[in-house]
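A.B. asks: Contents of start_3.cif (mmCIF, N, CA and C atoms) are given next:
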```cif
data_work
#
loop_
_atom_site.label_atom_id
_atom_site.label_comp_id
_atom_site.auth_asym_id
_atom_site.auth_seq_id
_atom_site.Cartn_x
_atom_site.Cartn_y
_atom_site.Cartn_z
N MET A 1 58.98 59.50 62.15
CA MET A 1 58.63 60.90 62.33
C MET A 1 57.66 61.07 63.48
N ALA A 2 56.81 60.06 63.71
CA ALA A 2 55.83 60.15 64.79
C ALA A 2 56.52 60.26 66.14
N GLU A 3 57.68 59.61 66.31
CA GLU A 3 58.40 59.70 67.58
C GLU A 3 58.87 61.12 67.83
N GLN A 4 59.34 61.80 66.79
CA GLN A 4 59.81 63.16 66.96
C GLN A 4 58.65 64.06 67.38
N ASP A 5 57.47 63.88 66.77
CA ASP A 5 56.31 64.67 67.16
C ASP A 5 55.98 64.44 68.62
N THR A 6 56.02 63.20 69.05
CA THR A 6 55.72 62.88 70.44
C THR A 6 56.72 63.52 71.38
N LEU A 7 58.00 63.52 70.99
CA LEU A 7 59.03 64.10 71.85
C LEU A 7 58.89 65.60 71.98
N ASN A 8 58.46 66.29 70.94
CA ASN A 8 58.37 67.74 70.96
C ASN A 8 57.04 68.25 71.50
N ARG A 9 56.06 67.39 71.60
CA ARG A 9 54.74 67.81 72.04
C ARG A 9 54.68 67.81 73.56
N PRO A 10 54.20 68.90 74.17
CA PRO A 10 54.05 68.90 75.63
C PRO A 10 53.02 67.87 76.05
N GLN A 11 53.25 67.27 77.21
CA GLN A 11 52.32 66.28 77.72
C GLN A 11 51.55 66.87 78.89
N THR A 12 50.34 66.39 79.06
CA THR A 12 49.55 66.84 80.20
C THR A 12 49.89 65.99 81.40
N ALA A 13 49.57 66.53 82.60
CA ALA A 13 49.80 65.76 83.83
C ALA A 13 48.97 64.48 83.80
N GLU A 14 47.76 64.57 83.25
CA GLU A 14 46.90 63.39 83.20
C GLU A 14 47.53 62.33 82.30
N ALA A 15 48.10 62.76 81.17
CA ALA A 15 48.74 61.81 80.27
C ALA A 15 49.97 61.20 80.91
N SER A 16 50.66 61.95 81.77
CA SER A 16 51.85 61.41 82.41
C SER A 16 51.49 60.41 83.48
N GLY A 17 50.23 60.41 83.95
CA GLY A 17 49.79 59.41 84.90
C GLY A 17 50.07 59.73 86.34
N TRP A 18 50.74 60.85 86.63
CA TRP A 18 51.05 61.13 88.03
C TRP A 18 49.85 61.61 88.80
N TYR A 19 49.08 62.53 88.25
CA TYR A 19 47.98 63.12 89.00
C TYR A 19 46.79 63.33 88.10
N SER A 20 45.64 62.91 88.56
CA SER A 20 44.40 63.23 87.88
C SER A 20 43.31 63.35 88.93
N ASN A 21 42.40 64.30 88.72
CA ASN A 21 41.33 64.51 89.69
C ASN A 21 40.51 63.24 89.89
N ALA A 22 40.32 62.49 88.83
CA ALA A 22 39.46 61.30 88.91
C ALA A 22 40.02 60.23 89.84
N SER A 23 41.34 60.10 89.89
CA SER A 23 41.92 59.02 90.68
C SER A 23 42.74 59.51 91.87
N ALA A 24 42.75 60.80 92.12
CA ALA A 24 43.58 61.35 93.20
C ALA A 24 43.06 60.95 94.57
N THR A 25 43.98 60.55 95.42
CA THR A 25 43.67 60.27 96.82
C THR A 25 43.98 61.52 97.64
N PHE A 26 43.67 61.47 98.91
CA PHE A 26 44.02 62.58 99.80
C PHE A 26 45.52 62.86 99.70
N GLY A 27 46.32 61.80 99.80
CA GLY A 27 47.77 61.95 99.74
C GLY A 27 48.25 62.55 98.43
N ASP A 28 47.62 62.15 97.32
CA ASP A 28 47.97 62.71 96.02
C ASP A 28 47.71 64.22 96.00
N ARG A 29 46.56 64.63 96.59
CA ARG A 29 46.23 66.06 96.60
C ARG A 29 47.20 66.84 97.47
N VAL A 30 47.60 66.27 98.61
CA VAL A 30 48.58 66.94 99.48
C VAL A 30 49.89 67.13 98.72
N ALA A 31 50.37 66.05 98.08
CA ALA A 31 51.63 66.12 97.34
C ALA A 31 51.54 67.12 96.18
N ALA A 32 50.43 67.10 95.45
CA ALA A 32 50.27 68.01 94.31
C ALA A 32 50.24 69.46 94.78
N ALA A 33 49.53 69.74 95.86
CA ALA A 33 49.45 71.11 96.37
C ALA A 33 50.80 71.55 96.92
N ARG A 34 51.49 70.65 97.60
CA ARG A 34 52.82 70.98 98.15
C ARG A 34 53.78 71.32 97.02
N GLU A 35 53.78 70.48 95.97
CA GLU A 35 54.67 70.72 94.84
C GLU A 35 54.29 71.98 94.08
N ALA A 36 52.99 72.25 93.97
CA ALA A 36 52.54 73.47 93.28
C ALA A 36 53.03 74.72 94.00
N ARG A 37 53.15 74.65 95.31
CA ARG A 37 53.67 75.79 96.10
C ARG A 37 55.19 75.82 96.12
N GLY A 38 55.81 74.76 95.60
CA GLY A 38 57.27 74.71 95.56
C GLY A 38 57.90 74.30 96.88
N TYR A 39 57.13 73.63 97.74
CA TYR A 39 57.64 73.19 99.03
C TYR A 39 58.12 71.75 98.95
N GLY A 40 59.19 71.46 99.67
CA GLY A 40 59.60 70.08 99.88
C GLY A 40 58.84 69.55 101.09
N GLN A 41 58.94 68.27 101.31
CA GLN A 41 58.25 67.68 102.47
C GLN A 41 58.78 68.26 103.78
N ALA A 42 60.08 68.46 103.86
CA ALA A 42 60.68 69.00 105.09
C ALA A 42 60.17 70.41 105.36
N GLU A 43 60.07 71.22 104.32
CA GLU A 43 59.60 72.60 104.50
C GLU A 43 58.14 72.63 104.95
N LEU A 44 57.29 71.80 104.33
CA LEU A 44 55.89 71.76 104.75
C LEU A 44 55.78 71.26 106.18
N ALA A 45 56.58 70.26 106.53
CA ALA A 45 56.57 69.74 107.90
C ALA A 45 56.92 70.85 108.90
N ARG A 46 57.93 71.64 108.57
CA ARG A 46 58.34 72.74 109.45
C ARG A 46 57.22 73.77 109.60
N LYS A 47 56.56 74.10 108.50
CA LYS A 47 55.49 75.09 108.55
C LYS A 47 54.29 74.61 109.37
N LEU A 48 54.07 73.28 109.37
CA LEU A 48 52.93 72.72 110.09
C LEU A 48 53.29 72.26 111.51
N GLY A 49 54.59 72.26 111.82
CA GLY A 49 55.02 71.83 113.14
C GLY A 49 54.92 70.33 113.35
N VAL A 50 55.20 69.57 112.27
CA VAL A 50 55.18 68.11 112.36
C VAL A 50 56.50 67.59 111.80
N LYS A 51 56.73 66.30 111.94
CA LYS A 51 57.94 65.68 111.40
C LYS A 51 57.75 65.39 109.92
N GLN A 52 58.86 65.32 109.19
CA GLN A 52 58.80 65.01 107.76
C GLN A 52 58.16 63.64 107.54
N ARG A 53 58.42 62.70 108.44
CA ARG A 53 57.81 61.38 108.32
C ARG A 53 56.29 61.45 108.34
N THR A 54 55.77 62.43 109.08
CA THR A 54 54.32 62.61 109.14
C THR A 54 53.79 63.03 107.78
N ILE A 55 54.49 63.97 107.13
CA ILE A 55 54.09 64.40 105.79
C ILE A 55 54.15 63.21 104.83
N GLU A 56 55.22 62.44 104.89
CA GLU A 56 55.36 61.25 104.04
C GLU A 56 54.18 60.30 104.25
N SER A 57 53.82 60.10 105.50
CA SER A 57 52.72 59.21 105.84
C SER A 57 51.39 59.72 105.28
N TRP A 58 51.18 61.03 105.33
CA TRP A 58 49.96 61.62 104.77
C TRP A 58 49.94 61.43 103.26
N GLU A 59 51.08 61.73 102.61
CA GLU A 59 51.14 61.64 101.16
C GLU A 59 51.06 60.20 100.66
N ASP A 60 51.48 59.26 101.48
CA ASP A 60 51.39 57.85 101.10
C ASP A 60 50.05 57.23 101.51
N ASP A 61 49.14 58.07 102.02
CA ASP A 61 47.80 57.62 102.45
C ASP A 61 47.86 56.55 103.54
N ILE A 62 48.86 56.64 104.39
CA ILE A 62 48.98 55.72 105.51
C ILE A 62 48.20 56.26 106.70
N THR A 63 48.33 57.55 106.94
CA THR A 63 47.58 58.22 108.01
C THR A 63 47.00 59.51 107.45
N GLU A 64 46.11 60.12 108.24
CA GLU A 64 45.53 61.41 107.87
C GLU A 64 45.72 62.38 109.03
N PRO A 65 45.84 63.65 108.72
CA PRO A 65 46.05 64.63 109.79
C PRO A 65 44.79 64.86 110.62
N ARG A 66 45.01 65.34 111.82
CA ARG A 66 43.88 65.76 112.65
C ARG A 66 43.31 67.04 112.07
N ALA A 67 42.12 67.38 112.51
CA ALA A 67 41.39 68.52 111.95
C ALA A 67 42.19 69.82 112.02
N ASN A 68 42.87 70.08 113.14
CA ASN A 68 43.61 71.34 113.26
C ASN A 68 44.76 71.42 112.26
N LYS A 69 45.47 70.31 112.04
CA LYS A 69 46.57 70.30 111.08
C LYS A 69 46.03 70.35 109.64
N LEU A 70 44.91 69.71 109.42
CA LEU A 70 44.29 69.72 108.10
C LEU A 70 43.89 71.15 107.71
N ASN A 71 43.29 71.85 108.64
CA ASN A 71 42.89 73.24 108.41
C ASN A 71 44.12 74.12 108.18
N MET A 72 45.15 73.92 108.99
CA MET A 72 46.39 74.69 108.84
C MET A 72 47.05 74.39 107.49
N MET A 73 47.04 73.11 107.09
CA MET A 73 47.64 72.72 105.82
C MET A 73 46.93 73.38 104.65
N ALA A 74 45.61 73.43 104.70
CA ALA A 74 44.86 74.08 103.62
C ALA A 74 45.30 75.53 103.47
N GLY A 75 45.48 76.21 104.59
CA GLY A 75 45.93 77.60 104.54
C GLY A 75 47.34 77.74 104.02
N VAL A 76 48.25 76.92 104.51
CA VAL A 76 49.66 76.98 104.09
C VAL A 76 49.79 76.67 102.60
N LEU A 77 49.00 75.71 102.11
CA LEU A 77 49.10 75.30 100.70
C LEU A 77 48.19 76.11 99.78
N ASN A 78 47.40 77.01 100.37
CA ASN A 78 46.52 77.89 99.61
C ASN A 78 45.51 77.10 98.76
N VAL A 79 44.90 76.08 99.39
CA VAL A 79 43.83 75.30 98.77
C VAL A 79 42.69 75.23 99.78
N SER A 80 41.51 74.87 99.29
CA SER A 80 40.38 74.77 100.21
C SER A 80 40.44 73.46 100.98
N LEU A 81 39.86 73.48 102.16
CA LEU A 81 39.78 72.29 103.00
C LEU A 81 39.02 71.18 102.27
N MET A 82 37.93 71.55 101.60
CA MET A 82 37.13 70.56 100.88
C MET A 82 37.93 69.93 99.73
N TRP A 83 38.77 70.72 99.07
CA TRP A 83 39.58 70.15 97.99
C TRP A 83 40.55 69.12 98.54
N LEU A 84 41.18 69.42 99.68
CA LEU A 84 42.08 68.44 100.27
C LEU A 84 41.34 67.15 100.61
N LEU A 85 40.14 67.29 101.14
CA LEU A 85 39.38 66.12 101.58
C LEU A 85 38.80 65.30 100.44
N ASN A 86 38.19 65.99 99.46
CA ASN A 86 37.48 65.22 98.43
C ASN A 86 37.70 65.70 97.00
N GLY A 87 38.59 66.66 96.80
CA GLY A 87 38.91 67.12 95.45
C GLY A 87 37.96 68.16 94.88
N GLU A 88 36.99 68.61 95.68
CA GLU A 88 36.05 69.62 95.21
C GLU A 88 36.39 70.97 95.82
N GLY A 89 36.34 72.02 95.01
CA GLY A 89 36.64 73.36 95.50
C GLY A 89 37.96 73.86 94.95
N GLU A 90 38.50 74.86 95.62
CA GLU A 90 39.75 75.50 95.18
C GLU A 90 40.94 74.60 95.47
N GLY A 91 41.66 74.21 94.41
CA GLY A 91 42.83 73.35 94.59
C GLY A 91 43.96 73.79 93.69
N VAL A 92 44.77 72.84 93.29
CA VAL A 92 45.89 73.15 92.39
C VAL A 92 45.38 73.25 90.96
N ALA A 93 46.25 73.70 90.07
CA ALA A 93 45.89 73.86 88.66
C ALA A 93 45.34 72.56 88.10
N ASP A 94 44.45 72.70 87.16
CA ASP A 94 43.81 71.56 86.52
C ASP A 94 44.86 70.62 85.95
N PRO A 95 44.69 69.30 86.16
CA PRO A 95 45.66 68.35 85.64
C PRO A 95 45.82 68.40 84.12
N GLY A 96 44.89 69.03 83.42
CA GLY A 96 45.01 69.15 81.98
C GLY A 96 46.00 70.21 81.54
N ASP A 97 46.52 71.00 82.49
CA ASP A 97 47.50 72.02 82.15
C ASP A 97 48.76 71.34 81.61
N ILE A 98 49.47 72.05 80.78
CA ILE A 98 50.65 71.49 80.13
C ILE A 98 51.79 71.31 81.13
N VAL A 99 52.40 70.13 81.06
CA VAL A 99 53.56 69.82 81.88
C VAL A 99 54.62 69.24 80.97
N GLU A 100 55.80 69.79 81.02
CA GLU A 100 56.90 69.26 80.21
C GLU A 100 57.48 68.06 80.92
N GLY A 101 57.91 67.07 80.18
CA GLY A 101 58.54 65.91 80.80
C GLY A 101 59.13 65.00 79.76
N ALA A 102 60.12 64.26 80.17
CA ALA A 102 60.74 63.30 79.26
C ALA A 102 59.75 62.17 79.02
N PRO A 103 59.59 61.75 77.77
CA PRO A 103 58.62 60.70 77.46
C PRO A 103 58.83 59.41 78.25
N ASP A 104 60.10 59.01 78.45
CA ASP A 104 60.32 57.76 79.16
C ASP A 104 59.89 57.87 80.62
N VAL A 105 60.06 59.02 81.26
CA VAL A 105 59.62 59.24 82.63
C VAL A 105 58.09 59.25 82.66
N SER A 106 57.48 59.90 81.71
CA SER A 106 56.02 59.94 81.64
C SER A 106 55.43 58.55 81.48
N GLU A 107 56.07 57.75 80.65
CA GLU A 107 55.61 56.38 80.45
C GLU A 107 55.73 55.57 81.73
N MET A 108 56.83 55.76 82.45
CA MET A 108 57.01 55.04 83.71
C MET A 108 55.96 55.45 84.73
N LEU A 109 55.69 56.73 84.82
CA LEU A 109 54.68 57.21 85.76
C LEU A 109 53.30 56.68 85.41
N ALA A 110 52.98 56.64 84.12
CA ALA A 110 51.69 56.11 83.69
C ALA A 110 51.59 54.62 84.02
N GLU A 111 52.66 53.89 83.81
CA GLU A 111 52.68 52.45 84.13
C GLU A 111 52.52 52.24 85.64
N MET A 112 53.17 53.09 86.44
CA MET A 112 53.02 52.99 87.89
C MET A 112 51.58 53.21 88.32
N ARG A 113 50.91 54.17 87.70
CA ARG A 113 49.50 54.45 88.02
C ARG A 113 48.63 53.25 87.65
N ARG A 114 48.91 52.66 86.48
CA ARG A 114 48.13 51.48 86.07
C ARG A 114 48.35 50.32 87.03
N LEU A 115 49.61 50.10 87.42
CA LEU A 115 49.91 49.02 88.35
C LEU A 115 49.23 49.25 89.71
N LYS A 116 49.24 50.49 90.16
CA LYS A 116 48.59 50.83 91.43
C LYS A 116 47.10 50.49 91.37
N ALA A 117 46.46 50.82 90.26
CA ALA A 117 45.03 50.50 90.09
C ALA A 117 44.82 48.99 90.03
N THR A 118 45.70 48.28 89.33
CA THR A 118 45.58 46.82 89.23
C THR A 118 45.75 46.17 90.61
N ILE A 119 46.71 46.66 91.37
CA ILE A 119 46.94 46.12 92.71
C ILE A 119 45.73 46.38 93.60
N ALA A 120 45.15 47.56 93.50
CA ALA A 120 43.96 47.88 94.31
C ALA A 120 42.81 46.94 93.95
N GLN A 121 42.61 46.69 92.65
CA GLN A 121 41.55 45.77 92.22
C GLN A 121 41.83 44.36 92.71
N ALA A 122 43.08 43.93 92.63
CA ALA A 122 43.43 42.59 93.11
C ALA A 122 43.21 42.48 94.61
N GLY A 123 43.50 43.54 95.34
CA GLY A 123 43.25 43.55 96.78
C GLY A 123 41.79 43.38 97.11
N GLU A 124 40.93 44.05 96.33
CA GLU A 124 39.49 43.92 96.54
C GLU A 124 39.03 42.50 96.23
N ARG A 125 39.54 41.92 95.14
CA ARG A 125 39.18 40.55 94.79
C ARG A 125 39.66 39.57 95.85
N LEU A 126 40.87 39.80 96.36
CA LEU A 126 41.42 38.95 97.41
C LEU A 126 40.56 39.03 98.67
N GLY A 127 40.11 40.22 99.03
CA GLY A 127 39.25 40.38 100.19
C GLY A 127 37.93 39.65 100.03
N ALA A 128 37.34 39.72 98.84
CA ALA A 128 36.08 39.02 98.58
C ALA A 128 36.29 37.51 98.65
N LEU A 129 37.39 37.04 98.10
CA LEU A 129 37.69 35.62 98.13
C LEU A 129 37.90 35.14 99.57
N GLU A 130 38.58 35.94 100.36
CA GLU A 130 38.80 35.59 101.76
C GLU A 130 37.47 35.48 102.51
N LYS A 131 36.55 36.40 102.24
CA LYS A 131 35.22 36.33 102.87
C LYS A 131 34.51 35.05 102.49
N ARG A 132 34.57 34.70 101.20
CA ARG A 132 33.92 33.46 100.74
C ARG A 132 34.53 32.24 101.42
N LEU A 133 35.86 32.23 101.56
CA LEU A 133 36.55 31.12 102.19
C LEU A 133 36.15 31.02 103.67
N ARG A 134 36.12 32.13 104.36
CA ARG A 134 35.72 32.13 105.77
C ARG A 134 34.30 31.61 105.93
N ARG A 135 33.39 32.08 105.04
CA ARG A 135 32.01 31.63 105.07
C ARG A 135 31.93 30.12 104.84
N ALA A 136 32.69 29.63 103.85
CA ALA A 136 32.67 28.21 103.53
C ALA A 136 33.20 27.38 104.70
N LEU A 137 34.25 27.85 105.33
CA LEU A 137 34.81 27.14 106.48
C LEU A 137 33.84 27.14 107.66
N ARG A 138 33.20 28.29 107.89
CA ARG A 138 32.24 28.41 108.97
C ARG A 138 31.03 27.49 108.72
N ASP A 139 30.55 27.48 107.49
CA ASP A 139 29.38 26.65 107.15
C ASP A 139 29.69 25.16 107.21
N SER A 140 30.95 24.79 106.92
CA SER A 140 31.31 23.36 106.93
C SER A 140 31.67 22.90 108.34
N GLY A 141 31.77 23.85 109.30
CA GLY A 141 32.07 23.49 110.68
C GLY A 141 33.54 23.25 110.94
N VAL A 142 34.40 23.64 110.04
CA VAL A 142 35.85 23.45 110.21
C VAL A 142 36.42 24.50 111.08
#
```
Show me this structure written as structure tokens.

C.D. replies:
Amino acid sequence: MAEQDTLNRPQTAEASGWYSNASATFGDRVAAAREARGYGQAELARKLGVKQRTIESWEDDITEPRANKLNMMAGVLNVSLMWLLNGEGEGVADPGDIVEGAPDVSEMLAEMRRLKATIAQAGERLGALEKRLRRALRDSGV
């Protein structure tokens, strides 16, 4: 019976793992604001006068827009510049708002978020280990 309750109960965006203010990156905020306005990447690219690949790159946190495009994007997406940059100010609806979704998709999205965090932590540990190795090699004269 518990499964039926879970299936019928609306899930929050935070529970689905796709977007949360606490872990959102610049790219996450761009994607969330774009989707909240109902724009596809191609449509936002057209409105900003950039290529769709540029939007993809921003949303994937590979690159960031220049100041003029950032300001234009805030206006087009109807969010504050500060919210795009750091999550503070006028942005999209609170991630606690109800979002309908299939439980299996929500579980996959939550797992993806957890894996992304684990990979980021492993990257930091790898960087620290690399520094230690370089220091050890330098100190040993190798």

A.B. asks: Based on DSSP run over this structure's backbone, return all residues of range 18-92 of chain A in alpha helix (DSSP H), as a ChimeraX atom specification.

C.D. replies: /A:26-36,41-48,52-59,67-77,81-86

A.B. asks: Scan for residues within 6 Å of the point (48.5, 59.6, 98.5) in the coordinates of the file, using all atoms listed in the file, and reply as JSON, numbers by chain.

C.D. replies: {"A": [25, 26, 27, 28, 29, 58, 59, 60, 61]}

A.B. asks: To verify the selection step, state as JSON, numbers by chain which residues the PyMOL selection byres (((chain A and resi 48 and name CA) around 7) and name CA) yields on this input.

C.D. replies: {"A": [44, 45, 46, 47, 49, 50, 69, 72, 73]}

A.B. asks: Can you work out the spacing between atom N of Ala117 in chain A and CA of Ala42 in chain A in Å, to one decimal?

C.D. replies: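 About the pair atom N of Ala117 in chain A and CA of Ala42 in chain A: they are 27.4 Å apart.
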
A.B. asks: Just the number, please: distance in Å from atom C of Gly123 in chain A to atom C of Ala31 in chain A, one decimal.

C.D. replies: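 Value for the atom C of Gly123 in chain A-atom C of Ala31 in chain A distance: 25.7 Å.
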
A.B. asks: Grab the atom C of Ala67 in chain A to atom N of Ala120 in chain A distance for me, in Å with one decimal place.

C.D. replies: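 Atom N of Ala120 in chain A lies at a distance of 29.1 Å from atom C of Ala67 in chain A.
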